[in-house]
Amino acid sequence: RPRVFFCCKKMATNKERRKIQEQMVEEKARREKERKEFQERQELEGLKRVFKRLDKKNDGKLDAQELAQELNFLEYTAERTEIEEIIWEIDDDDDDAVDWEEFKMSFHRARDDKTGFEPRKLFHLTEFLMADKDQSGSIDVEEFINIWYTRYGKEEADAKMTEYFGKDFQGGNIEVTFTKFMDIQRSANRKGRRSATAMLPQVKPIRFVDGAVL
């Protein structure tokens with residue numbers, strides 16, 4: 001009678017499975033760290049490029065006159081007081097100008113802000129100029145999408161793009177001026193502030209037996 005041999009693959013032990021899982025987690029963390037570091041390098045390069053573009057006098061500082069010159073190029077209407085306020089909001093040392101460190105730190109604060117209450121006017125201008133690499137004064141829809149992908153993630157960004165540009169925004173030949181860009185940002189910021197306010201805990205008044213309210 002022929003002999004039958006059963007060949008079976010050795011099953012991994014619990015210890016081996018845990019080790020594989022740990023390696024997978026470590027690999028995922030490593031890739032995420034590399035992705036984040038790459039994004040940070042790209043962001044820093046973009047910030048340096050924008051600061052250099054705004055620094056018309058090449059003195060290492062941005063003042064209201066330089067900001068007004070760039071806004072005029074972008075055909076964006078702004079009062080002198082509004083421009084001065086943009087500088088004042090992030091001028092930590094009160095020298096009526098914004099140096100590189102103030103510029104960089106204000107961008108990071110606005111980027112990481114979840115409430116929508118951090119000063120964002122210079123932040124939005126910086127975002128726009130980072131996307132406008134050819135210095136044409138406008139950005140196309142793909143460049144706009146990249147801004148919101150970075151800020152919100154793909155799913156939320158797609159929803160917002162559909163809201164503001166319609167379902168045919170992908171592949172569309174849409175040019176976004178800075179004026180249009182700011183109109184959209186103001187609308188998005190208002191909605192963000194309403195959402196943040198709605199998340200705050202509501203404190204109900206304490207009523208005592210005698211009717212007094214605390």
# chains A, B, ... in the order shown; residues from 1 in each chain; ligands from 1
>>> residues_around(residues="A:His124", least_positions_apart="5", cutoff="10 Å", atoms="only C-alpha atoms", output="PDB file with all heavy atoms, in the first residue's frame")
ATOM      1  N   PHE A 107       3.147  81.955  10.191  1.00  0.00           N
ATOM      2  CA  PHE A 107       2.617  80.965   9.252  1.00  0.00           C
ATOM      3  C   PHE A 107       2.323  79.651   9.970  1.00  0.00           C
ATOM      4  O   PHE A 107       1.262  79.054   9.784  1.00  0.00           O
ATOM      5  CB  PHE A 107       3.610  80.730   8.111  1.00  0.00           C
ATOM      6  CG  PHE A 107       3.105  79.756   7.071  1.00  0.00           C
ATOM      7  CD1 PHE A 107       2.348  80.192   6.002  1.00  0.00           C
ATOM      8  CD2 PHE A 107       3.379  78.397   7.181  1.00  0.00           C
ATOM      9  CE1 PHE A 107       1.868  79.289   5.049  1.00  0.00           C
ATOM     10  CE2 PHE A 107       2.903  77.488   6.243  1.00  0.00           C
ATOM     11  CZ  PHE A 107       2.153  77.941   5.168  1.00  0.00           C
ATOM     12  N   ALA A 110      -0.787  79.955  12.287  1.00  0.00           N
ATOM     13  CA  ALA A 110      -2.043  79.943  11.527  1.00  0.00           C
ATOM     14  C   ALA A 110      -2.298  78.564  10.924  1.00  0.00           C
ATOM     15  O   ALA A 110      -3.435  78.086  10.896  1.00  0.00           O
ATOM     16  CB  ALA A 110      -1.995  81.004  10.428  1.00  0.00           C
ATOM     17  N   ARG A 111      -1.255  77.912  10.474  1.00  0.00           N
ATOM     18  CA  ARG A 111      -1.392  76.584   9.882  1.00  0.00           C
ATOM     19  C   ARG A 111      -1.923  75.578  10.893  1.00  0.00           C
ATOM     20  O   ARG A 111      -2.765  74.733  10.566  1.00  0.00           O
ATOM     21  CB  ARG A 111      -0.038  76.116   9.352  1.00  0.00           C
ATOM     22  CG  ARG A 111      -0.028  74.731   8.716  1.00  0.00           C
ATOM     23  CD  ARG A 111       1.394  74.181   8.654  1.00  0.00           C
ATOM     24  NE  ARG A 111       1.949  73.994   9.989  1.00  0.00           N
ATOM     25  CZ  ARG A 111       3.226  73.673  10.225  1.00  0.00           C
ATOM     26  NH1 ARG A 111       4.056  73.518   9.215  1.00  0.00           N
ATOM     27  NH2 ARG A 111       3.654  73.496  11.466  1.00  0.00           N
ATOM     28  N   PRO A 119      -4.661  85.239  13.465  1.00  0.00           N
ATOM     29  CA  PRO A 119      -4.563  86.131  12.293  1.00  0.00           C
ATOM     30  C   PRO A 119      -4.148  85.346  11.049  1.00  0.00           C
ATOM     31  O   PRO A 119      -3.164  84.620  11.067  1.00  0.00           O
ATOM     32  CB  PRO A 119      -3.484  87.137  12.710  1.00  0.00           C
ATOM     33  CG  PRO A 119      -3.542  87.158  14.202  1.00  0.00           C
ATOM     34  CD  PRO A 119      -3.892  85.758  14.611  1.00  0.00           C
ATOM     35  N   LEU A 129       0.898  82.766  -2.763  1.00  0.00           N
ATOM     36  CA  LEU A 129       2.172  83.002  -3.439  1.00  0.00           C
ATOM     37  C   LEU A 129       3.022  81.742  -3.511  1.00  0.00           C
ATOM     38  O   LEU A 129       3.795  81.559  -4.457  1.00  0.00           O
ATOM     39  CB  LEU A 129       2.944  84.122  -2.730  1.00  0.00           C
ATOM     40  CG  LEU A 129       2.281  85.506  -2.747  1.00  0.00           C
ATOM     41  CD1 LEU A 129       3.154  86.520  -2.030  1.00  0.00           C
ATOM     42  CD2 LEU A 129       1.988  85.971  -4.171  1.00  0.00           C
ATOM     43  N   MET A 130       2.896  80.852  -2.530  1.00  0.00           N
ATOM     44  CA  MET A 130       3.607  79.573  -2.588  1.00  0.00           C
ATOM     45  C   MET A 130       3.118  78.747  -3.773  1.00  0.00           C
ATOM     46  O   MET A 130       3.894  78.033  -4.412  1.00  0.00           O
ATOM     47  CB  MET A 130       3.426  78.800  -1.277  1.00  0.00           C
ATOM     48  CG  MET A 130       4.201  79.374  -0.104  1.00  0.00           C
ATOM     49  SD  MET A 130       3.782  78.613   1.491  1.00  0.00           S
ATOM     50  CE  MET A 130       4.604  77.028   1.337  1.00  0.00           C
ATOM     51  N   PHE A 178      -6.181  86.321  -6.761  1.00  0.00           N
ATOM     52  CA  PHE A 178      -6.053  86.437  -5.307  1.00  0.00           C
ATOM     53  C   PHE A 178      -7.342  86.969  -4.687  1.00  0.00           C
ATOM     54  O   PHE A 178      -7.705  86.572  -3.577  1.00  0.00           O
ATOM     55  CB  PHE A 178      -4.879  87.346  -4.944  1.00  0.00           C
ATOM     56  CG  PHE A 178      -4.635  87.435  -3.466  1.00  0.00           C
ATOM     57  CD1 PHE A 178      -4.312  86.301  -2.732  1.00  0.00           C
ATOM     58  CD2 PHE A 178      -4.762  88.648  -2.789  1.00  0.00           C
ATOM     59  CE1 PHE A 178      -4.110  86.374  -1.352  1.00  0.00           C
ATOM     60  CE2 PHE A 178      -4.549  88.718  -1.423  1.00  0.00           C
ATOM     61  CZ  PHE A 178      -4.229  87.584  -0.700  1.00  0.00           C
ATOM     62  N   PHE A 181      -9.563  84.039  -4.436  1.00  0.00           N
ATOM     63  CA  PHE A 181      -8.972  83.181  -3.406  1.00  0.00           C
ATOM     64  C   PHE A 181      -9.376  83.663  -2.013  1.00  0.00           C
ATOM     65  O   PHE A 181      -9.783  82.876  -1.167  1.00  0.00           O
ATOM     66  CB  PHE A 181      -7.456  83.184  -3.570  1.00  0.00           C
ATOM     67  CG  PHE A 181      -6.715  82.303  -2.608  1.00  0.00           C
ATOM     68  CD1 PHE A 181      -6.598  80.939  -2.825  1.00  0.00           C
ATOM     69  CD2 PHE A 181      -6.107  82.836  -1.484  1.00  0.00           C
ATOM     70  CE1 PHE A 181      -5.900  80.120  -1.949  1.00  0.00           C
ATOM     71  CE2 PHE A 181      -5.400  82.035  -0.594  1.00  0.00           C
ATOM     72  CZ  PHE A 181      -5.303  80.673  -0.836  1.00  0.00           C
ATOM     73  N   MET A 182      -9.289  84.979  -1.789  1.00  0.00           N
ATOM     74  CA  MET A 182      -9.622  85.534  -0.480  1.00  0.00           C
ATOM     75  C   MET A 182     -11.115  85.448  -0.196  1.00  0.00           C
ATOM     76  O   MET A 182     -11.514  85.228   0.951  1.00  0.00           O
ATOM     77  CB  MET A 182      -9.141  86.984  -0.382  1.00  0.00           C
ATOM     78  CG  MET A 182      -7.633  87.112  -0.205  1.00  0.00           C
ATOM     79  SD  MET A 182      -7.012  86.228   1.254  1.00  0.00           S
ATOM     80  CE  MET A 182      -7.868  87.088   2.576  1.00  0.00           C
ATOM     81  N   GLN A 185     -11.597  81.976   1.008  1.00  0.00           N
ATOM     82  CA  GLN A 185     -11.011  81.772   2.349  1.00  0.00           C
ATOM     83  C   GLN A 185     -11.887  82.398   3.429  1.00  0.00           C
ATOM     84  O   GLN A 185     -12.058  81.815   4.509  1.00  0.00           O
ATOM     85  CB  GLN A 185      -9.599  82.369   2.406  1.00  0.00           C
ATOM     86  CG  GLN A 185      -8.615  81.783   1.418  1.00  0.00           C
ATOM     87  CD  GLN A 185      -8.490  80.286   1.514  1.00  0.00           C
ATOM     88  OE1 GLN A 185      -8.646  79.706   2.566  1.00  0.00           O
ATOM     89  NE2 GLN A 185      -8.208  79.654   0.396  1.00  0.00           N
ATOM     90  N   ARG A 186     -12.426  83.595   3.168  1.00  0.00           N
ATOM     91  CA  ARG A 186     -13.287  84.251   4.168  1.00  0.00           C
ATOM     92  C   ARG A 186     -14.518  83.396   4.454  1.00  0.00           C
ATOM     93  O   ARG A 186     -14.927  83.244   5.607  1.00  0.00           O
ATOM     94  CB  ARG A 186     -13.711  85.640   3.671  1.00  0.00           C
ATOM     95  CG  ARG A 186     -12.585  86.664   3.629  1.00  0.00           C
ATOM     96  CD  ARG A 186     -13.123  88.053   3.366  1.00  0.00           C
ATOM     97  NE  ARG A 186     -12.043  88.996   3.108  1.00  0.00           N
ATOM     98  CZ  ARG A 186     -11.653  89.369   1.898  1.00  0.00           C
ATOM     99  NH1 ARG A 186     -12.264  88.882   0.824  1.00  0.00           N
ATOM    100  NH2 ARG A 186     -10.658  90.222   1.745  1.00  0.00           N
TER     101      ARG A 186
END
>>> select_by_dssp(residues="stretch 19-184 of chain A", states="alpha helix (DSSP H)", output="ChimeraX atom specification")
/A:19-54,64-73,80-90,100-112,121-131,141-152,154-165,178-184
>>> select_by_dssp(residues="stretch 25-199 of chain A", states="strand (DSSP E or B)", output="NGL selection string")
:A and (61-62 or 98-99 or 138-140 or 175-177)
>>> write_last_selection(atoms="all heavy atoms", output="PDB file, in the first residue's frame")
ATOM      1  N   LYS A  61      13.337  92.296   5.830  1.00  0.00           N
ATOM      2  CA  LYS A  61      12.106  92.627   6.526  1.00  0.00           C
ATOM      3  C   LYS A  61      11.015  92.963   5.514  1.00  0.00           C
ATOM      4  O   LYS A  61      11.299  93.391   4.398  1.00  0.00           O
ATOM      5  CB  LYS A  61      12.304  93.805   7.485  1.00  0.00           C
ATOM      6  CG  LYS A  61      13.206  93.503   8.671  1.00  0.00           C
ATOM      7  CD  LYS A  61      13.244  94.672   9.624  1.00  0.00           C
ATOM      8  CE  LYS A  61      14.091  94.351  10.859  1.00  0.00           C
ATOM      9  NZ  LYS A  61      14.087  95.475  11.834  1.00  0.00           N
ATOM     10  N   LEU A  62       9.763  92.766   5.944  1.00  0.00           N
ATOM     11  CA  LEU A  62       8.614  93.105   5.114  1.00  0.00           C
ATOM     12  C   LEU A  62       7.865  94.239   5.791  1.00  0.00           C
ATOM     13  O   LEU A  62       7.493  94.134   6.960  1.00  0.00           O
ATOM     14  CB  LEU A  62       7.681  91.901   4.954  1.00  0.00           C
ATOM     15  CG  LEU A  62       8.314  90.555   4.589  1.00  0.00           C
ATOM     16  CD1 LEU A  62       7.241  89.472   4.495  1.00  0.00           C
ATOM     17  CD2 LEU A  62       9.082  90.672   3.276  1.00  0.00           C
ATOM     18  N   VAL A  98       8.016  92.973   9.451  1.00  0.00           N
ATOM     19  CA  VAL A  98       8.003  91.547   9.777  1.00  0.00           C
ATOM     20  C   VAL A  98       9.302  90.918   9.292  1.00  0.00           C
ATOM     21  O   VAL A  98       9.598  90.934   8.092  1.00  0.00           O
ATOM     22  CB  VAL A  98       6.801  90.842   9.103  1.00  0.00           C
ATOM     23  CG1 VAL A  98       6.848  89.340   9.356  1.00  0.00           C
ATOM     24  CG2 VAL A  98       5.487  91.432   9.588  1.00  0.00           C
ATOM     25  N   ASP A  99      10.087  90.397  10.229  1.00  0.00           N
ATOM     26  CA  ASP A  99      11.332  89.743   9.833  1.00  0.00           C
ATOM     27  C   ASP A  99      11.065  88.269   9.525  1.00  0.00           C
ATOM     28  O   ASP A  99       9.930  87.788   9.637  1.00  0.00           O
ATOM     29  CB  ASP A  99      12.427  89.910  10.884  1.00  0.00           C
ATOM     30  CG  ASP A  99      12.057  89.288  12.233  1.00  0.00           C
ATOM     31  OD1 ASP A  99      11.251  88.325  12.254  1.00  0.00           O
ATOM     32  OD2 ASP A  99      12.579  89.744  13.268  1.00  0.00           O
ATOM     33  N   SER A 138      -1.893  84.636 -10.603  1.00  0.00           N
ATOM     34  CA  SER A 138      -3.082  83.799 -10.440  1.00  0.00           C
ATOM     35  C   SER A 138      -2.627  82.349 -10.349  1.00  0.00           C
ATOM     36  O   SER A 138      -1.494  82.018 -10.709  1.00  0.00           O
ATOM     37  CB  SER A 138      -4.056  83.980 -11.612  1.00  0.00           C
ATOM     38  OG  SER A 138      -3.477  83.526 -12.818  1.00  0.00           O
ATOM     39  N   ILE A 139      -3.529  81.498  -9.861  1.00  0.00           N
ATOM     40  CA  ILE A 139      -3.221  80.069  -9.772  1.00  0.00           C
ATOM     41  C   ILE A 139      -4.336  79.291 -10.456  1.00  0.00           C
ATOM     42  O   ILE A 139      -5.477  79.764 -10.537  1.00  0.00           O
ATOM     43  CB  ILE A 139      -3.062  79.600  -8.310  1.00  0.00           C
ATOM     44  CG1 ILE A 139      -4.350  79.829  -7.510  1.00  0.00           C
ATOM     45  CG2 ILE A 139      -1.887  80.313  -7.649  1.00  0.00           C
ATOM     46  CD1 ILE A 139      -4.302  79.312  -6.082  1.00  0.00           C
ATOM     47  N   ASP A 140      -4.003  78.109 -10.960  1.00  0.00           N
ATOM     48  CA  ASP A 140      -5.037  77.295 -11.591  1.00  0.00           C
ATOM     49  C   ASP A 140      -5.689  76.398 -10.549  1.00  0.00           C
ATOM     50  O   ASP A 140      -5.286  76.362  -9.380  1.00  0.00           O
ATOM     51  CB  ASP A 140      -4.478  76.487 -12.772  1.00  0.00           C
ATOM     52  CG  ASP A 140      -3.374  75.524 -12.359  1.00  0.00           C
ATOM     53  OD1 ASP A 140      -3.437  74.982 -11.228  1.00  0.00           O
ATOM     54  OD2 ASP A 140      -2.453  75.295 -13.167  1.00  0.00           O
ATOM     55  N   GLU A 175      -8.954  79.672 -13.571  1.00  0.00           N
ATOM     56  CA  GLU A 175      -7.893  80.512 -13.039  1.00  0.00           C
ATOM     57  C   GLU A 175      -8.431  81.243 -11.808  1.00  0.00           C
ATOM     58  O   GLU A 175      -9.499  81.856 -11.866  1.00  0.00           O
ATOM     59  CB  GLU A 175      -7.420  81.517 -14.087  1.00  0.00           C
ATOM     60  CG  GLU A 175      -6.591  80.900 -15.201  1.00  0.00           C
ATOM     61  CD  GLU A 175      -5.255  80.353 -14.721  1.00  0.00           C
ATOM     62  OE1 GLU A 175      -4.624  81.018 -13.874  1.00  0.00           O
ATOM     63  OE2 GLU A 175      -4.862  79.267 -15.167  1.00  0.00           O
ATOM     64  N   VAL A 176      -7.713  81.158 -10.718  1.00  0.00           N
ATOM     65  CA  VAL A 176      -8.140  81.768  -9.461  1.00  0.00           C
ATOM     66  C   VAL A 176      -7.249  82.970  -9.162  1.00  0.00           C
ATOM     67  O   VAL A 176      -6.051  82.821  -8.957  1.00  0.00           O
ATOM     68  CB  VAL A 176      -8.068  80.753  -8.300  1.00  0.00           C
ATOM     69  CG1 VAL A 176      -8.550  81.395  -6.998  1.00  0.00           C
ATOM     70  CG2 VAL A 176      -8.895  79.513  -8.619  1.00  0.00           C
ATOM     71  N   THR A 177      -7.860  84.158  -9.152  1.00  0.00           N
ATOM     72  CA  THR A 177      -7.121  85.355  -8.776  1.00  0.00           C
ATOM     73  C   THR A 177      -7.015  85.422  -7.259  1.00  0.00           C
ATOM     74  O   THR A 177      -7.722  84.690  -6.531  1.00  0.00           O
ATOM     75  CB  THR A 177      -7.828  86.613  -9.282  1.00  0.00           C
ATOM     76  OG1 THR A 177      -9.114  86.721  -8.625  1.00  0.00           O
ATOM     77  CG2 THR A 177      -8.041  86.551 -10.790  1.00  0.00           C
TER      78      THR A 177
END
>>> closest_residue(among="A:Lys160, A:Phe73, A:Phe51, A:Gly137", to="A:Leu122", atoms="only C-alpha atoms")
A:Phe51
>>> atom_distance(atom1="atom CA of A:Phe128", atom2="atom CA of A:Phe144")
8.2 Å
>>> closest_residue(among="A:Lys180, A:Arg151, A:Lys121, A:Lys36", to="A:Ile83", atoms="only C-alpha atoms")
A:Lys121
>>> closest_residue(among="A:Arg80, A:Lys56, A:Arg31, A:His108", to="A:Glu43", atoms="only C-alpha atoms")
A:His108
